[in-house]
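A quick write-up on the structure given underneath.
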Amino acid sequence: GKRRNGLPQYCSLVIDRHKKRRIRFRAKGVDTYLPFPPLGDDFEKAYAAALAGVADWRANIGAARTKPGSMDALAVSYYRSPQFQGLRDSTKQTYRRIIETFREKHGGRLVRDLRREHVKILLGNMSDRPQAANRLLSLLKIMLDHALDNGWIAINPAVGVRGFKKKTDGFHTWTEAEIAAYEARHPEGSKARLALSLLLYTAQRRSDVIAMGWHQVSGKTIKVKQRKTGAELDLFMLPTLTNALSQLPKDKPTFLLTEFGKPF
């Protein structure tokens, strides 16, 4: 996430002896320089690599502290696996968040002691959060498959355990009347109205919309590299969107900014 200085976590702005501005990444286990300015694909790739270095360092430290054969040790081993390392960065973050929450309660338990009935009780205790329970079940199956492949256990106790049925019709698609009501409530020039315009007229995911800025605009198109799929798109901008953007300053890194004037 961004901090008050506008730079990502562990980053600071330094001036070298040649009076050049540089971005320094400094964290436990990693100390390096990243491309300046802190925008665009080159910077994002270098930043992701630096973060991966921090994660590897922590995994190694974690390995020394974990009890052999425990859920903690399994998590550390899984983080190092090709299956985990091959995931997209955004997916890694999601997986880590779920696994680390699980480790806080059950990290010290031995993997070989885990039984099918334990998994069912674990999920049953999350009946008020069925989607979170289903995500945890999916990850437990993946991690226990990793344990199985490495000879920690003879069978995967989570296989065959069913999650909660999804009682949902998916996200409701706004009607024209609802869009009109929102526009009446949030006038042109407001952050809320700008967010709606970007989401509605580019039809892109939230994770892509918050990163959009003038650096992606060329004529009447906006270039987007989707964070989730890696797809590269040239989107034609309708007059409603170009009008909304025409009011925005050209010197900001993104169109949508927080209360502190920083990217989300």
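Every chain in the structure tokens takes a letter, A first, then B, and so on in the order presented; its residues are numbered from 1, and the ligands are numbered from 1 following the presented order.
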For Thr173 (chain A), please output as a ChimeraX atom specification all residues within 12 Å (counting only C-alpha atoms; exclusion window: fewer than 5 positions along the same chain).
/A:178-179,200
The selected residues should be written to file as a JSON list (two decimals), in the first residue's frame (atoms: N, CA, C and O atoms).
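After the write, result-v3.json holds the following:
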```json
[["chain", "number", "residue", "atom", "x", "y", "z"],
["A", 178, "GLU", "N", -31.04, 3.41, -11.36],
["A", 178, "GLU", "CA", -30.09, 3.43, -10.23],
["A", 178, "GLU", "C", -28.86, 4.28, -10.56],
["A", 178, "GLU", "O", -28.35, 5.01, -9.71],
["A", 179, "ILE", "N", -28.40, 4.17, -11.81],
["A", 179, "ILE", "CA", -27.26, 5.00, -12.24],
["A", 179, "ILE", "C", -27.64, 6.48, -12.19],
["A", 179, "ILE", "O", -26.88, 7.32, -11.70],
["A", 200, "LEU", "N", -17.86, 2.51, -15.34],
["A", 200, "LEU", "CA", -18.97, 2.30, -16.28],
["A", 200, "LEU", "C", -18.51, 2.37, -17.73],
["A", 200, "LEU", "O", -18.90, 1.54, -18.55]]
```
Would you give me, as an NGL selection string, the residues in region 14-261 of chain A that DSSP reads as alpha helix (DSSP H)?
:A and (40-65 or 71-80 or 82-85 or 89-106 or 116-124 or 130-149 or 176-185 or 191-202 or 206-209 or 239-246)
Give the strand (DSSP E) residues of region 16-85 of chain A, as assigned by DSSP on the backbone, as number ranges by chain.
A: 21-27, 30-34
Taking 4 positions as the minimum chain separation for residues in the same chain, which residues sit within 8 Å of region 125-136 of chain A when counting only C-alpha atoms? Answer as a PDB file with C-alpha atoms, in the first residue's frame.
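Just written: around_11.pdb:
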```
ATOM      1  CA  ILE A  98      -6.126 -16.558   4.146  1.00  0.00           C
ATOM      2  CA  ILE A  99      -3.254 -18.889   5.099  1.00  0.00           C
ATOM      3  CA  ILE A 121     -15.743 -28.739  12.423  1.00  0.00           C
ATOM      4  CA  LEU A 140      -6.475 -26.385   2.653  1.00  0.00           C
ATOM      5  CA  GLY A 163     -18.208 -26.422   1.280  1.00  0.00           C
ATOM      6  CA  PHE A 164     -21.319 -24.307   1.697  1.00  0.00           C
ATOM      7  CA  LYS A 166     -23.694 -20.541  -2.683  1.00  0.00           C
TER       8      LYS A 166
END
```
Contacts of Met143 (chain A) at 8 Å (only C-alpha atoms; same-chain gap of 2+ positions) as a count of residues only:
9
Tell me which protein, DNA and RNA residues are within 9 Å of region 226-230 of chain A, counting only C-alpha atoms, leaving out same-chain ones fewer than 2 positions away, and put them as a PyMOL selection string.
chain A and resi 88+90-91+204-205+207-208+224+232-233
Can those selected residues be exported to a file as a PDB file, in the first residue's frame so that it contains C-alpha atoms?
```
ATOM      1  CA  ARG A  88       0.102 -13.936 -10.050  1.00  0.00           C
ATOM      2  CA  SER A  90      -2.404 -10.456  -6.625  1.00  0.00           C
ATOM      3  CA  THR A  91      -3.340 -14.142  -6.146  1.00  0.00           C
ATOM      4  CA  GLN A 204     -12.768  -2.757 -16.239  1.00  0.00           C
ATOM      5  CA  ARG A 205     -12.157  -4.293 -12.827  1.00  0.00           C
ATOM      6  CA  SER A 207      -7.985  -3.215  -9.505  1.00  0.00           C
ATOM      7  CA  ASP A 208      -7.385  -1.817 -13.030  1.00  0.00           C
ATOM      8  CA  VAL A 224      -4.943  -0.985 -19.998  1.00  0.00           C
ATOM      9  CA  GLU A 232      -3.475  -5.624 -22.985  1.00  0.00           C
ATOM     10  CA  LEU A 233      -6.407  -3.521 -24.194  1.00  0.00           C
TER      11      LEU A 233
END
```
Do you have, as JSON lines, the list of residues of region 13-115 of chain A lying at most 12 Å from region 238-254 of chain A, each with its nearest atom pair and that distance in Å to one decimal, counting only C-alpha atoms and ordered by chain then number?
```
{"residue": "A:Pro37", "atom": "CA", "partner": "A:Pro253", "partner_atom": "CA", "distance": 10.1}
{"residue": "A:Pro38", "atom": "CA", "partner": "A:Pro253", "partner_atom": "CA", "distance": 9.2}
{"residue": "A:Leu39", "atom": "CA", "partner": "A:Pro253", "partner_atom": "CA", "distance": 7.4}
{"residue": "A:Gly40", "atom": "CA", "partner": "A:Pro253", "partner_atom": "CA", "distance": 9.7}
```
Could you tell me how far CA of Gly53 (chain A) sits from CA of Arg80 (chain A), in Å to one decimal place?
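Straight-line distance from CA of Arg80 (chain A) to CA of Gly53 (chain A) works out to 11.5 Å.
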So that I can see what lies close to Ala192 (chain A), please list as an mmCIF file with N, CA and C atoms, in the first residue's frame the residues with an atom at most 12 Å from it, counting only C-alpha atoms and leaving out residues fewer than 2 positions away in the same chain.
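What ended up in part13.cif:
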```cif
data_model
loop_
_atom_site.group_PDB
_atom_site.id
_atom_site.type_symbol
_atom_site.label_atom_id
_atom_site.label_comp_id
_atom_site.auth_asym_id
_atom_site.auth_seq_id
_atom_site.Cartn_x
_atom_site.Cartn_y
_atom_site.Cartn_z
ATOM 1 N N TYR A 182 -27.675 7.702 -8.610
ATOM 2 C CA TYR A 182 -26.297 7.883 -8.123
ATOM 3 C C TYR A 182 -25.728 9.201 -8.662
ATOM 4 N N GLU A 183 -25.966 9.454 -9.963
ATOM 5 C CA GLU A 183 -25.441 10.682 -10.575
ATOM 6 C C GLU A 183 -26.096 11.922 -9.976
ATOM 7 N N ALA A 184 -27.371 11.792 -9.584
ATOM 8 C CA ALA A 184 -28.067 12.928 -8.958
ATOM 9 C C ALA A 184 -27.476 13.214 -7.578
ATOM 10 N N ARG A 185 -27.044 12.149 -6.899
ATOM 11 C CA ARG A 185 -26.485 12.289 -5.546
ATOM 12 C C ARG A 185 -25.036 12.790 -5.588
ATOM 13 N N HIS A 186 -24.256 12.343 -6.591
ATOM 14 C CA HIS A 186 -22.829 12.695 -6.678
ATOM 15 C C HIS A 186 -22.587 13.544 -7.930
ATOM 16 N N PRO A 187 -22.404 14.854 -7.768
ATOM 17 C CA PRO A 187 -22.287 15.753 -8.924
ATOM 18 C C PRO A 187 -20.989 15.554 -9.699
ATOM 19 N N GLU A 188 -20.961 16.085 -10.937
ATOM 20 C CA GLU A 188 -19.740 16.042 -11.745
ATOM 21 C C GLU A 188 -18.637 16.777 -11.013
ATOM 22 N N GLY A 189 -17.432 16.219 -11.070
ATOM 23 C CA GLY A 189 -16.315 16.820 -10.359
ATOM 24 C C GLY A 189 -16.023 16.128 -9.038
ATOM 25 N N SER A 190 -16.974 15.311 -8.547
ATOM 26 C CA SER A 190 -16.733 14.597 -7.287
ATOM 27 C C SER A 190 -15.964 13.303 -7.567
ATOM 28 N N LEU A 194 -16.464 10.454 -10.584
ATOM 29 C CA LEU A 194 -15.341 10.057 -11.443
ATOM 30 C C LEU A 194 -15.162 8.541 -11.415
ATOM 31 N N ALA A 195 -15.262 7.944 -10.213
ATOM 32 C CA ALA A 195 -15.124 6.490 -10.079
ATOM 33 C C ALA A 195 -16.189 5.775 -10.910
ATOM 34 N N LEU A 196 -17.429 6.256 -10.825
ATOM 35 C CA LEU A 196 -18.514 5.652 -11.613
ATOM 36 C C LEU A 196 -18.218 5.748 -13.107
ATOM 37 N N SER A 197 -17.786 6.929 -13.553
ATOM 38 C CA SER A 197 -17.507 7.129 -14.984
ATOM 39 C C SER A 197 -16.420 6.172 -15.475
ATOM 40 N N LEU A 198 -15.350 6.035 -14.690
ATOM 41 C CA LEU A 198 -14.253 5.143 -15.091
ATOM 42 C C LEU A 198 -14.701 3.688 -15.132
ATOM 43 N N LEU A 199 -15.450 3.260 -14.119
ATOM 44 C CA LEU A 199 -15.915 1.869 -14.058
ATOM 45 C C LEU A 199 -16.933 1.579 -15.159
ATOM 46 N N ALA A 244 -15.221 13.981 -18.475
ATOM 47 C CA ALA A 244 -14.923 13.859 -17.042
ATOM 48 C C ALA A 244 -13.423 13.980 -16.789
ATOM 49 N N PHE A 255 -5.868 8.909 -11.914
ATOM 50 C CA PHE A 255 -7.070 9.754 -11.924
ATOM 51 C C PHE A 255 -7.719 9.797 -10.542
ATOM 52 N N LEU A 256 -7.868 8.627 -9.921
ATOM 53 C CA LEU A 256 -8.504 8.532 -8.606
ATOM 54 C C LEU A 256 -7.444 8.660 -7.511
ATOM 55 N N LEU A 257 -7.656 9.599 -6.597
ATOM 56 C CA LEU A 257 -6.684 9.848 -5.531
ATOM 57 C C LEU A 257 -7.371 9.793 -4.170
ATOM 58 N N THR A 258 -6.609 9.414 -3.139
ATOM 59 C CA THR A 258 -7.150 9.343 -1.776
ATOM 60 C C THR A 258 -7.314 10.756 -1.205
#
```
Minimum-distance residue to Gly124 (chain A), chosen among A:Lys191, A:Arg162, A:Lys92, A:Lys105 (using only C-alpha atoms)
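Using only C-alpha atoms, the shortest distance to Gly124 (chain A) belongs to A:Arg162.
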Please provide as a compact mmCIF listing (two decimals) with all heavy atoms, in the first residue's frame all residues within 12 Å of Gly107 (chain A), with the sequence filter that same-chain residues fewer than 4 positions apart are discarded (counting only C-alpha atoms).
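The file below, out_7.txt, is the result:
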```txt
# COMPACT_ATOMS: atom_id res chain seq x y z
N GLY A 62 11.17 -17.99 8.93
CA GLY A 62 10.04 -18.75 9.45
C GLY A 62 10.37 -20.23 9.55
O GLY A 62 9.96 -20.91 10.49
N ARG A 65 12.05 -21.24 12.65
CA ARG A 65 11.26 -21.13 13.88
C ARG A 65 10.12 -22.13 13.95
O ARG A 65 9.49 -22.27 14.99
CB ARG A 65 10.67 -19.72 13.98
CG ARG A 65 11.70 -18.63 14.19
CD ARG A 65 11.01 -17.29 14.23
NE ARG A 65 11.98 -16.20 14.36
CZ ARG A 65 11.68 -14.93 14.12
NH1 ARG A 65 10.48 -14.60 13.71
NH2 ARG A 65 12.59 -14.00 14.27
N THR A 66 9.77 -22.76 12.85
CA THR A 66 8.58 -23.61 12.84
C THR A 66 8.88 -25.02 13.32
O THR A 66 10.00 -25.51 13.19
CB THR A 66 7.98 -23.70 11.42
OG1 THR A 66 8.99 -24.18 10.53
CG2 THR A 66 7.47 -22.37 10.94
N LYS A 67 7.84 -25.64 13.88
CA LYS A 67 7.95 -27.01 14.36
C LYS A 67 7.85 -27.95 13.17
O LYS A 67 6.92 -27.82 12.36
CB LYS A 67 6.81 -27.26 15.35
CG LYS A 67 6.87 -28.61 16.05
CD LYS A 67 5.93 -28.64 17.25
CE LYS A 67 4.48 -28.54 16.84
NZ LYS A 67 3.56 -28.62 17.99
N PRO A 68 8.80 -28.88 12.99
CA PRO A 68 8.74 -29.81 11.85
C PRO A 68 7.39 -30.55 11.81
O PRO A 68 6.91 -31.01 12.84
CB PRO A 68 9.89 -30.78 12.13
CG PRO A 68 10.84 -30.01 12.98
CD PRO A 68 9.99 -29.11 13.83
N GLY A 69 6.82 -30.62 10.60
CA GLY A 69 5.56 -31.35 10.43
C GLY A 69 4.32 -30.57 10.83
O GLY A 69 3.20 -31.09 10.74
N SER A 70 4.49 -29.30 11.27
CA SER A 70 3.34 -28.50 11.70
C SER A 70 2.69 -27.79 10.52
O SER A 70 3.25 -27.72 9.42
CB SER A 70 3.79 -27.46 12.74
OG SER A 70 4.68 -26.53 12.12
N MET A 71 1.50 -27.23 10.78
CA MET A 71 0.82 -26.44 9.74
C MET A 71 1.66 -25.22 9.39
O MET A 71 1.66 -24.78 8.24
CB MET A 71 -0.58 -26.01 10.23
CG MET A 71 -1.57 -27.14 10.44
SD MET A 71 -1.89 -28.17 8.97
CE MET A 71 -2.60 -27.00 7.83
N ASP A 72 2.38 -24.66 10.39
CA ASP A 72 3.30 -23.54 10.11
C ASP A 72 4.36 -23.96 9.10
O ASP A 72 4.63 -23.24 8.12
CB ASP A 72 4.01 -23.10 11.40
CG ASP A 72 3.20 -22.09 12.20
OD1 ASP A 72 2.39 -21.38 11.59
OD2 ASP A 72 3.38 -22.03 13.42
N ALA A 73 4.97 -25.12 9.34
CA ALA A 73 6.03 -25.61 8.46
C ALA A 73 5.48 -25.91 7.06
O ALA A 73 6.14 -25.66 6.05
CB ALA A 73 6.66 -26.88 9.04
N LEU A 74 4.24 -26.40 7.01
CA LEU A 74 3.61 -26.69 5.71
C LEU A 74 3.38 -25.39 4.93
O LEU A 74 3.63 -25.33 3.72
CB LEU A 74 2.27 -27.42 5.91
CG LEU A 74 1.46 -27.69 4.65
CD1 LEU A 74 2.26 -28.54 3.65
CD2 LEU A 74 0.14 -28.39 4.98
N ALA A 75 2.94 -24.34 5.64
CA ALA A 75 2.71 -23.04 4.97
C ALA A 75 4.01 -22.52 4.38
O ALA A 75 4.05 -22.07 3.23
CB ALA A 75 2.12 -22.04 5.97
N VAL A 76 5.09 -22.56 5.16
CA VAL A 76 6.40 -22.09 4.69
C VAL A 76 6.85 -22.89 3.48
O VAL A 76 7.33 -22.35 2.48
CB VAL A 76 7.45 -22.18 5.82
CG1 VAL A 76 8.85 -21.90 5.28
CG2 VAL A 76 7.12 -21.18 6.93
N ILE A 99 -4.11 -17.91 4.42
CA ILE A 99 -3.25 -18.89 5.10
C ILE A 99 -2.74 -18.34 6.42
O ILE A 99 -2.72 -19.04 7.44
CB ILE A 99 -2.07 -19.29 4.19
CG1 ILE A 99 -2.57 -20.10 2.99
CG2 ILE A 99 -1.04 -20.12 4.96
CD1 ILE A 99 -1.53 -20.33 1.89
N GLU A 100 -2.31 -17.06 6.43
CA GLU A 100 -1.76 -16.48 7.66
C GLU A 100 -2.82 -16.37 8.75
O GLU A 100 -2.53 -16.54 9.94
CB GLU A 100 -1.13 -15.12 7.37
CG GLU A 100 0.14 -15.18 6.52
CD GLU A 100 1.21 -16.06 7.12
OE1 GLU A 100 1.54 -15.89 8.31
OE2 GLU A 100 1.71 -16.96 6.40
N THR A 101 -4.06 -16.07 8.38
CA THR A 101 -5.16 -16.03 9.36
C THR A 101 -5.37 -17.41 9.96
O THR A 101 -5.56 -17.55 11.18
CB THR A 101 -6.47 -15.54 8.68
OG1 THR A 101 -6.25 -14.25 8.11
CG2 THR A 101 -7.60 -15.45 9.68
N PHE A 102 -5.30 -18.44 9.12
CA PHE A 102 -5.45 -19.83 9.59
C PHE A 102 -4.28 -20.21 10.51
O PHE A 102 -4.46 -20.84 11.56
CB PHE A 102 -5.50 -20.77 8.38
CG PHE A 102 -5.55 -22.23 8.74
CD1 PHE A 102 -6.73 -22.82 9.17
CD2 PHE A 102 -4.41 -23.03 8.65
CE1 PHE A 102 -6.77 -24.17 9.51
CE2 PHE A 102 -4.44 -24.37 8.98
CZ PHE A 102 -5.63 -24.94 9.42
N ARG A 103 -3.06 -19.79 10.14
CA ARG A 103 -1.87 -20.13 10.93
C ARG A 103 -1.91 -19.54 12.34
O ARG A 103 -1.41 -20.13 13.29
CB ARG A 103 -0.61 -19.63 10.23
CG ARG A 103 -0.14 -20.48 9.08
CD ARG A 103 1.08 -19.88 8.43
NE ARG A 103 2.28 -19.98 9.28
CZ ARG A 103 3.47 -19.48 8.94
NH1 ARG A 103 3.60 -18.82 7.80
NH2 ARG A 103 4.50 -19.61 9.74
N VAL A 111 0.40 -31.61 10.94
CA VAL A 111 -0.39 -31.92 9.75
C VAL A 111 -0.92 -33.35 9.81
O VAL A 111 -2.06 -33.62 9.46
CB VAL A 111 0.46 -31.71 8.47
CG1 VAL A 111 -0.35 -32.05 7.22
CG2 VAL A 111 0.99 -30.29 8.39
N LEU A 114 -4.33 -34.02 11.46
CA LEU A 114 -5.55 -33.43 10.91
C LEU A 114 -6.44 -34.52 10.31
O LEU A 114 -6.00 -35.30 9.48
CB LEU A 114 -5.20 -32.39 9.85
CG LEU A 114 -6.36 -31.52 9.34
CD1 LEU A 114 -6.90 -30.63 10.44
CD2 LEU A 114 -5.90 -30.66 8.16
```
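Computed from the coordinates, the CA of Asp113 (chain A) to CA of Ala158 (chain A) distance equals 12.6 Å.
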Of A:Ile142, A:Lys20, A:Leu51, A:Leu122, the one sitting nearest Pro8 (chain A) when using only C-alpha atoms is A:Leu51
